[in-house]
Amino acid sequence: MDNTNPLPRDIIIAPAPWICKAQVYALYFYSSRPSPSSSSTALALPPVAYSPLEAASFFASPEAGDFVGGLGSIMVVRYLDTPVGPYDELVIIPGSFVYDNRSDAGWQQTGKKKKCNLRLSRAYVSQEHTCYNGRLNWNIPKHVARFEWSDLPNNGGTHVKVFSLPQPHPNDKTTPTFISSSSSSSSSPSPDQPLFQASFKPIPYLPSFPLSTAWASSLGLMDLSLVNPPVPHGPRPEQVGTNMWCKSLMVQSSPRTSVGWFDMKQPQSRDTAKEGQEENFWPGLGRWRLGVRMDDVRLEVPEGEYWRAE
């Protein structure tokens, strides 16, 4: 895909397709779609749906489509083996967007000017290589963050915290420090309060089972393809920008999936209400939410379908 800035030094270039090994924590939620009698076809998205860079760009603009709700998800992924090495990732998919696809090759075949697909609106990763390649290959709006993992006592599950990193001034040419997936510290300063935290505890005695996201398509349940607008160029070298739309279908398959409870309670501060932060991260989510942990995941990300933004 075309990009809008030069290649940074020391970045591993890894074009699609990717085949990865991972462990996936995922919870799902549903946003009601707009009423047919409503004067507007779009729903409002909370501020947490976008990072500041994308929020101020075409990526989050009305011209890039209307959010119409439906099935959404929050995922935390521990990648064990990828073309750019191991890393951690936080993914937010708020639901589906209706967008103008007149430049998509599919419009030439169907004549439909509007389409509806899922969109990945925000992502954080623990190293720069995947940040660069994810933005370039699939328009995934990745940003580098610091992840802290810990085991809960008495075999009680797993806890994760994700800390954002300060953004450099546009005139600052300092090369950012790389952060390993297992690192709990960084030479770069970061806020004391995480931008996201969650705990997962599997339900005892409930047997695990195989699960694949490919079943949704094969059974005709739902199209899980992600369609993302071009991502903007950011101040950090790994925040590459693009000028093409991208459609991609990531497939996750696990022979051993466990059901459990997520504790979504977020850290509170005096400025929480003023900043519009949600008590349980996403509007309408309760503190406790059923979800899954997928172990020994084979994760396939093929090359995307691209078309130029008008």
# chains A, B, ... in the order shown; residues from 1 in each chain; ligands from 1

call {"tool": "residues_around", "arguments": {"residues": "range 65-76 of chain A", "least_positions_apart": "6", "cutoff": "7 Å", "atoms": "only C-alpha atoms", "output": "PDB file with N, CA and C atoms, in the first residue's frame"}}
result
ATOM      1  N   VAL A  24      -5.314 -15.024  22.921  1.00  0.00           N
ATOM      2  CA  VAL A  24      -6.263 -13.936  22.720  1.00  0.00           C
ATOM      3  C   VAL A  24      -7.261 -13.885  23.871  1.00  0.00           C
ATOM      4  N   TYR A  25      -7.401 -12.704  24.458  1.00  0.00           N
ATOM      5  CA  TYR A  25      -8.458 -12.426  25.430  1.00  0.00           C
ATOM      6  C   TYR A  25      -9.478 -11.531  24.735  1.00  0.00           C
ATOM      7  N   ALA A  26     -10.755 -11.909  24.751  1.00  0.00           N
ATOM      8  CA  ALA A  26     -11.748 -11.140  24.001  1.00  0.00           C
ATOM      9  C   ALA A  26     -13.077 -11.080  24.738  1.00  0.00           C
ATOM     10  N   LEU A  27     -13.678  -9.909  24.739  1.00  0.00           N
ATOM     11  CA  LEU A  27     -15.053  -9.747  25.198  1.00  0.00           C
ATOM     12  C   LEU A  27     -15.833  -9.027  24.115  1.00  0.00           C
ATOM     13  N   TYR A  28     -17.145  -9.234  24.130  1.00  0.00           N
ATOM     14  CA  TYR A  28     -17.997  -8.706  23.069  1.00  0.00           C
ATOM     15  C   TYR A  28     -19.148  -7.903  23.677  1.00  0.00           C
ATOM     16  N   PHE A  29     -19.606  -6.911  22.924  1.00  0.00           N
ATOM     17  CA  PHE A  29     -20.734  -6.097  23.361  1.00  0.00           C
ATOM     18  C   PHE A  29     -21.546  -5.698  22.141  1.00  0.00           C
ATOM     19  N   TYR A  30     -22.727  -5.181  22.387  1.00  0.00           N
ATOM     20  CA  TYR A  30     -23.618  -4.835  21.275  1.00  0.00           C
ATOM     21  C   TYR A  30     -24.134  -3.419  21.458  1.00  0.00           C
ATOM     22  N   SER A  31     -24.032  -2.626  20.416  1.00  0.00           N
ATOM     23  CA  SER A  31     -24.599  -1.278  20.400  1.00  0.00           C
ATOM     24  C   SER A  31     -25.833  -1.289  19.511  1.00  0.00           C
ATOM     25  N   SER A  32     -26.943  -0.795  20.031  1.00  0.00           N
ATOM     26  CA  SER A  32     -28.185  -0.779  19.260  1.00  0.00           C
ATOM     27  C   SER A  32     -28.019   0.057  18.005  1.00  0.00           C
ATOM     28  N   ARG A  33     -28.563  -0.443  16.919  1.00  0.00           N
ATOM     29  CA  ARG A  33     -28.490   0.294  15.660  1.00  0.00           C
ATOM     30  C   ARG A  33     -29.507   1.435  15.656  1.00  0.00           C
ATOM     31  N   PRO A  34     -29.278   2.486  14.861  1.00  0.00           N
ATOM     32  CA  PRO A  34     -30.221   3.602  14.803  1.00  0.00           C
ATOM     33  C   PRO A  34     -31.609   3.143  14.382  1.00  0.00           C
ATOM     34  N   THR A  41     -28.696   8.617  10.741  1.00  0.00           N
ATOM     35  CA  THR A  41     -28.333   7.207  10.577  1.00  0.00           C
ATOM     36  C   THR A  41     -27.092   6.848  11.371  1.00  0.00           C
ATOM     37  N   ALA A  42     -26.486   7.825  12.047  1.00  0.00           N
ATOM     38  CA  ALA A  42     -25.228   7.589  12.750  1.00  0.00           C
ATOM     39  C   ALA A  42     -25.426   7.621  14.255  1.00  0.00           C
ATOM     40  N   LEU A  43     -24.643   6.809  14.951  1.00  0.00           N
ATOM     41  CA  LEU A  43     -24.593   6.825  16.401  1.00  0.00           C
ATOM     42  C   LEU A  43     -23.348   7.575  16.848  1.00  0.00           C
ATOM     43  N   GLU A  89      -0.889  -6.560  22.247  1.00  0.00           N
ATOM     44  CA  GLU A  89      -1.748  -5.632  21.516  1.00  0.00           C
ATOM     45  C   GLU A  89      -3.099  -5.480  22.208  1.00  0.00           C
ATOM     46  N   LEU A  90      -3.575  -4.253  22.275  1.00  0.00           N
ATOM     47  CA  LEU A  90      -4.937  -3.929  22.704  1.00  0.00           C
ATOM     48  C   LEU A  90      -5.698  -3.442  21.483  1.00  0.00           C
ATOM     49  N   VAL A  91      -6.866  -4.035  21.232  1.00  0.00           N
ATOM     50  CA  VAL A  91      -7.648  -3.738  20.033  1.00  0.00           C
ATOM     51  C   VAL A  91      -9.062  -3.326  20.434  1.00  0.00           C
ATOM     52  N   ILE A  92      -9.558  -2.259  19.814  1.00  0.00           N
ATOM     53  CA  ILE A  92     -10.934  -1.818  20.028  1.00  0.00           C
ATOM     54  C   ILE A  92     -11.659  -1.816  18.690  1.00  0.00           C
ATOM     55  N   ILE A  93     -12.725  -2.627  18.602  1.00  0.00           N
ATOM     56  CA  ILE A  93     -13.605  -2.661  17.438  1.00  0.00           C
ATOM     57  C   ILE A  93     -14.985  -2.251  17.934  1.00  0.00           C
ATOM     58  N   PRO A  94     -15.384  -0.994  17.767  1.00  0.00           N
ATOM     59  CA  PRO A  94     -16.646  -0.531  18.358  1.00  0.00           C
ATOM     60  C   PRO A  94     -17.889  -1.120  17.717  1.00  0.00           C
ATOM     61  N   GLY A  95     -17.788  -1.547  16.460  1.00  0.00           N
ATOM     62  CA  GLY A  95     -18.936  -2.075  15.742  1.00  0.00           C
ATOM     63  C   GLY A  95     -18.788  -1.794  14.256  1.00  0.00           C
ATOM     64  N   SER A  96     -19.920  -1.613  13.588  1.00  0.00           N
ATOM     65  CA  SER A  96     -19.925  -1.452  12.132  1.00  0.00           C
ATOM     66  C   SER A  96     -20.099   0.005  11.721  1.00  0.00           C
ATOM     67  N   PHE A  97     -19.579   0.302  10.527  1.00  0.00           N
ATOM     68  CA  PHE A  97     -19.689   1.632   9.927  1.00  0.00           C
ATOM     69  C   PHE A  97     -20.275   1.493   8.524  1.00  0.00           C
ATOM     70  N   VAL A  98     -21.136   2.411   8.174  1.00  0.00           N
ATOM     71  CA  VAL A  98     -21.609   2.525   6.794  1.00  0.00           C
ATOM     72  C   VAL A  98     -20.733   3.554   6.094  1.00  0.00           C
ATOM     73  N   TYR A  99     -20.192   3.197   4.944  1.00  0.00           N
ATOM     74  CA  TYR A  99     -19.244   4.069   4.257  1.00  0.00           C
ATOM     75  C   TYR A  99     -19.513   4.060   2.761  1.00  0.00           C
ATOM     76  N   ASP A 100     -19.030   5.079   2.108  1.00  0.00           N
ATOM     77  CA  ASP A 100     -19.165   5.233   0.664  1.00  0.00           C
ATOM     78  C   ASP A 100     -18.072   4.423  -0.011  1.00  0.00           C
TER      79      ASP A 100
END

call {"tool": "select_by_dssp", "arguments": {"residues": "range 218-306 of chain A", "states": "strand (DSSP E or B)", "output": "tab-separated table (two decimals) with N, CA and C atoms, in the first residue's frame"}}
result
chain	number	residue	atom	x	y	z
A	226	LEU	N	-12.73	-6.42	8.26
A	226	LEU	CA	-12.51	-5.06	8.75
A	226	LEU	C	-12.25	-4.14	7.56
A	227	VAL	N	-12.93	-3.00	7.52
A	227	VAL	CA	-12.69	-1.99	6.49
A	227	VAL	C	-12.28	-0.71	7.20
A	228	ASN	N	-11.05	-0.28	6.98
A	228	ASN	CA	-10.51	0.90	7.64
A	228	ASN	C	-10.12	1.98	6.63
A	242	THR	N	-1.11	6.47	5.41
A	242	THR	CA	-1.46	5.82	4.14
A	242	THR	C	-2.47	6.69	3.40
A	244	MET	N	-4.79	4.93	1.09
A	244	MET	CA	-5.71	3.97	0.51
A	244	MET	C	-6.62	3.40	1.60
A	245	TRP	N	-7.86	3.07	1.24
A	245	TRP	CA	-8.72	2.29	2.11
A	245	TRP	C	-8.23	0.84	2.10
A	246	CYS	N	-8.57	0.08	3.13
A	246	CYS	CA	-8.14	-1.32	3.19
A	246	CYS	C	-9.24	-2.19	3.80
A	247	LYS	N	-9.48	-3.32	3.16
A	247	LYS	CA	-10.39	-4.35	3.67
A	247	LYS	C	-9.58	-5.60	3.94
A	248	SER	N	-9.71	-6.16	5.14
A	248	SER	CA	-8.94	-7.35	5.51
A	248	SER	C	-9.79	-8.26	6.38
A	251	VAL	N	-8.31	-14.18	10.67
A	251	VAL	CA	-8.91	-15.42	11.14
A	251	VAL	C	-8.15	-15.92	12.36
A	252	GLN	N	-8.89	-16.17	13.44
A	252	GLN	CA	-8.32	-16.70	14.68
A	252	GLN	C	-8.88	-18.09	14.92
A	253	SER	N	-8.01	-19.07	15.12
A	253	SER	CA	-8.44	-20.44	15.37
A	253	SER	C	-7.71	-20.98	16.58
A	254	SER	N	-8.48	-21.53	17.54
A	254	SER	CA	-7.91	-22.05	18.78
A	254	SER	C	-8.48	-23.43	19.07
A	255	PRO	N	-7.61	-24.39	19.43
A	255	PRO	CA	-8.11	-25.71	19.83
A	255	PRO	C	-8.58	-25.74	21.28
A	256	ARG	N	-8.30	-24.65	22.02
A	256	ARG	CA	-8.59	-24.66	23.46
A	256	ARG	C	-9.01	-23.26	23.90
A	257	THR	N	-10.32	-23.08	24.01
A	257	THR	CA	-10.89	-21.79	24.39
A	257	THR	C	-11.62	-21.92	25.72
A	258	SER	N	-11.37	-21.00	26.63
A	258	SER	CA	-11.99	-21.02	27.96
A	258	SER	C	-12.90	-19.81	28.12
A	259	VAL	N	-14.05	-20.03	28.76
A	259	VAL	CA	-14.97	-18.94	29.09
A	259	VAL	C	-14.65	-18.45	30.49
A	260	GLY	N	-14.71	-17.14	30.68
A	260	GLY	CA	-14.42	-16.58	31.99
A	260	GLY	C	-15.01	-15.20	32.16
A	261	TRP	N	-14.69	-14.60	33.29
A	261	TRP	CA	-15.20	-13.27	33.62
A	261	TRP	C	-14.09	-12.22	33.48
A	262	PHE	N	-14.43	-11.13	32.81
A	262	PHE	CA	-13.57	-9.96	32.77
A	262	PHE	C	-14.01	-8.99	33.86
A	263	ASP	N	-13.04	-8.47	34.60
A	263	ASP	CA	-13.28	-7.34	35.50
A	263	ASP	C	-12.80	-6.10	34.77
A	288	TRP	N	-18.46	-6.49	35.38
A	288	TRP	CA	-18.19	-7.90	35.09
A	288	TRP	C	-18.78	-8.26	33.75
A	289	ARG	N	-17.96	-8.89	32.92
A	289	ARG	CA	-18.39	-9.20	31.56
A	289	ARG	C	-17.86	-10.58	31.16
A	290	LEU	N	-18.76	-11.42	30.64
A	290	LEU	CA	-18.32	-12.72	30.14
A	290	LEU	C	-17.47	-12.53	28.89
A	291	GLY	N	-16.44	-13.36	28.77
A	291	GLY	CA	-15.58	-13.32	27.60
A	291	GLY	C	-14.84	-14.63	27.46
A	292	VAL	N	-13.84	-14.64	26.60
A	292	VAL	CA	-13.10	-15.88	26.34
A	292	VAL	C	-11.60	-15.62	26.35
A	293	ARG	N	-10.88	-16.69	26.64
A	293	ARG	CA	-9.43	-16.72	26.43
A	293	ARG	C	-9.16	-17.85	25.45
A	294	MET	N	-8.57	-17.50	24.32
A	294	MET	CA	-8.25	-18.47	23.29
A	294	MET	C	-6.76	-18.78	23.37
A	295	ASP	N	-6.43	-20.05	23.63
A	295	ASP	CA	-5.03	-20.47	23.76
A	295	ASP	C	-4.56	-21.15	22.48
A	296	ASP	N	-3.24	-21.14	22.28
A	296	ASP	CA	-2.61	-21.79	21.12
A	296	ASP	C	-3.27	-21.35	19.81
A	297	VAL	N	-3.46	-20.05	19.68
A	297	VAL	CA	-4.18	-19.50	18.53
A	297	VAL	C	-3.27	-19.45	17.30
A	298	ARG	N	-3.81	-19.89	16.20
A	298	ARG	CA	-3.20	-19.64	14.89
A	298	ARG	C	-3.95	-18.45	14.30
A	299	LEU	N	-3.24	-17.38	14.06
A	299	LEU	CA	-3.86	-16.13	13.62
A	299	LEU	C	-3.33	-15.79	12.23
A	300	GLU	N	-4.23	-15.72	11.27
A	300	GLU	CA	-3.86	-15.47	9.88
A	300	GLU	C	-4.38	-14.10	9.44
A	301	VAL	N	-3.48	-13.28	8.92
A	301	VAL	CA	-3.86	-11.96	8.41
A	301	VAL	C	-3.40	-11.87	6.96
A	305	GLU	N	-7.44	-5.86	0.61
A	305	GLU	CA	-7.93	-5.29	-0.64
A	305	GLU	C	-7.88	-3.77	-0.48
A	306	TYR	N	-7.35	-3.08	-1.48
A	306	TYR	CA	-7.11	-1.64	-1.35
A	306	TYR	C	-7.83	-0.87	-2.44

call {"tool": "atom_distance", "arguments": {"atom1": "CA of Pro83 in chain A", "atom2": "CA of Met222 in chain A"}}
result
28.8 Å

call {"tool": "residues_around", "arguments": {"residues": "Phe196 in chain A", "least_positions_apart": "4", "cutoff": "7 Å", "atoms": "only C-alpha atoms", "output": "list in words"}}
result
Lys161, Val162 and Gln266 of chain A

call {"tool": "write_last_selection", "arguments": {"atoms": "N, CA and C atoms", "output": "PDB file, in the first residue's frame"}}
result
ATOM      1  N   LYS A 161      -2.360  -4.187  32.373  1.00  0.00           N
ATOM      2  CA  LYS A 161      -2.471  -2.736  32.325  1.00  0.00           C
ATOM      3  C   LYS A 161      -1.752  -2.248  31.071  1.00  0.00           C
ATOM      4  N   VAL A 162      -2.329  -1.236  30.432  1.00  0.00           N
ATOM      5  CA  VAL A 162      -1.737  -0.656  29.229  1.00  0.00           C
ATOM      6  C   VAL A 162      -1.525   0.835  29.472  1.00  0.00           C
ATOM      7  N   GLN A 266     -12.008   0.405  35.753  1.00  0.00           N
ATOM      8  CA  GLN A 266     -10.842   1.212  35.414  1.00  0.00           C
ATOM      9  C   GLN A 266     -10.398   2.045  36.610  1.00  0.00           C
TER      10      GLN A 266
END

call {"tool": "atom_distance", "arguments": {"atom1": "CA of Pro141 in chain A", "atom2": "CA of Glu278 in chain A"}}
result
21.5 Å

call {"tool": "atom_distance", "arguments": {"atom1": "CA of Gly157 in chain A", "atom2": "CA of Lys201 in chain A"}}
result
4.3 Å

call {"tool": "select_by_dssp", "arguments": {"residues": "range 38-100 of chain A", "states": "alpha helix (DSSP H)", "output": "number ranges by chain"}}
result
A: 52-55
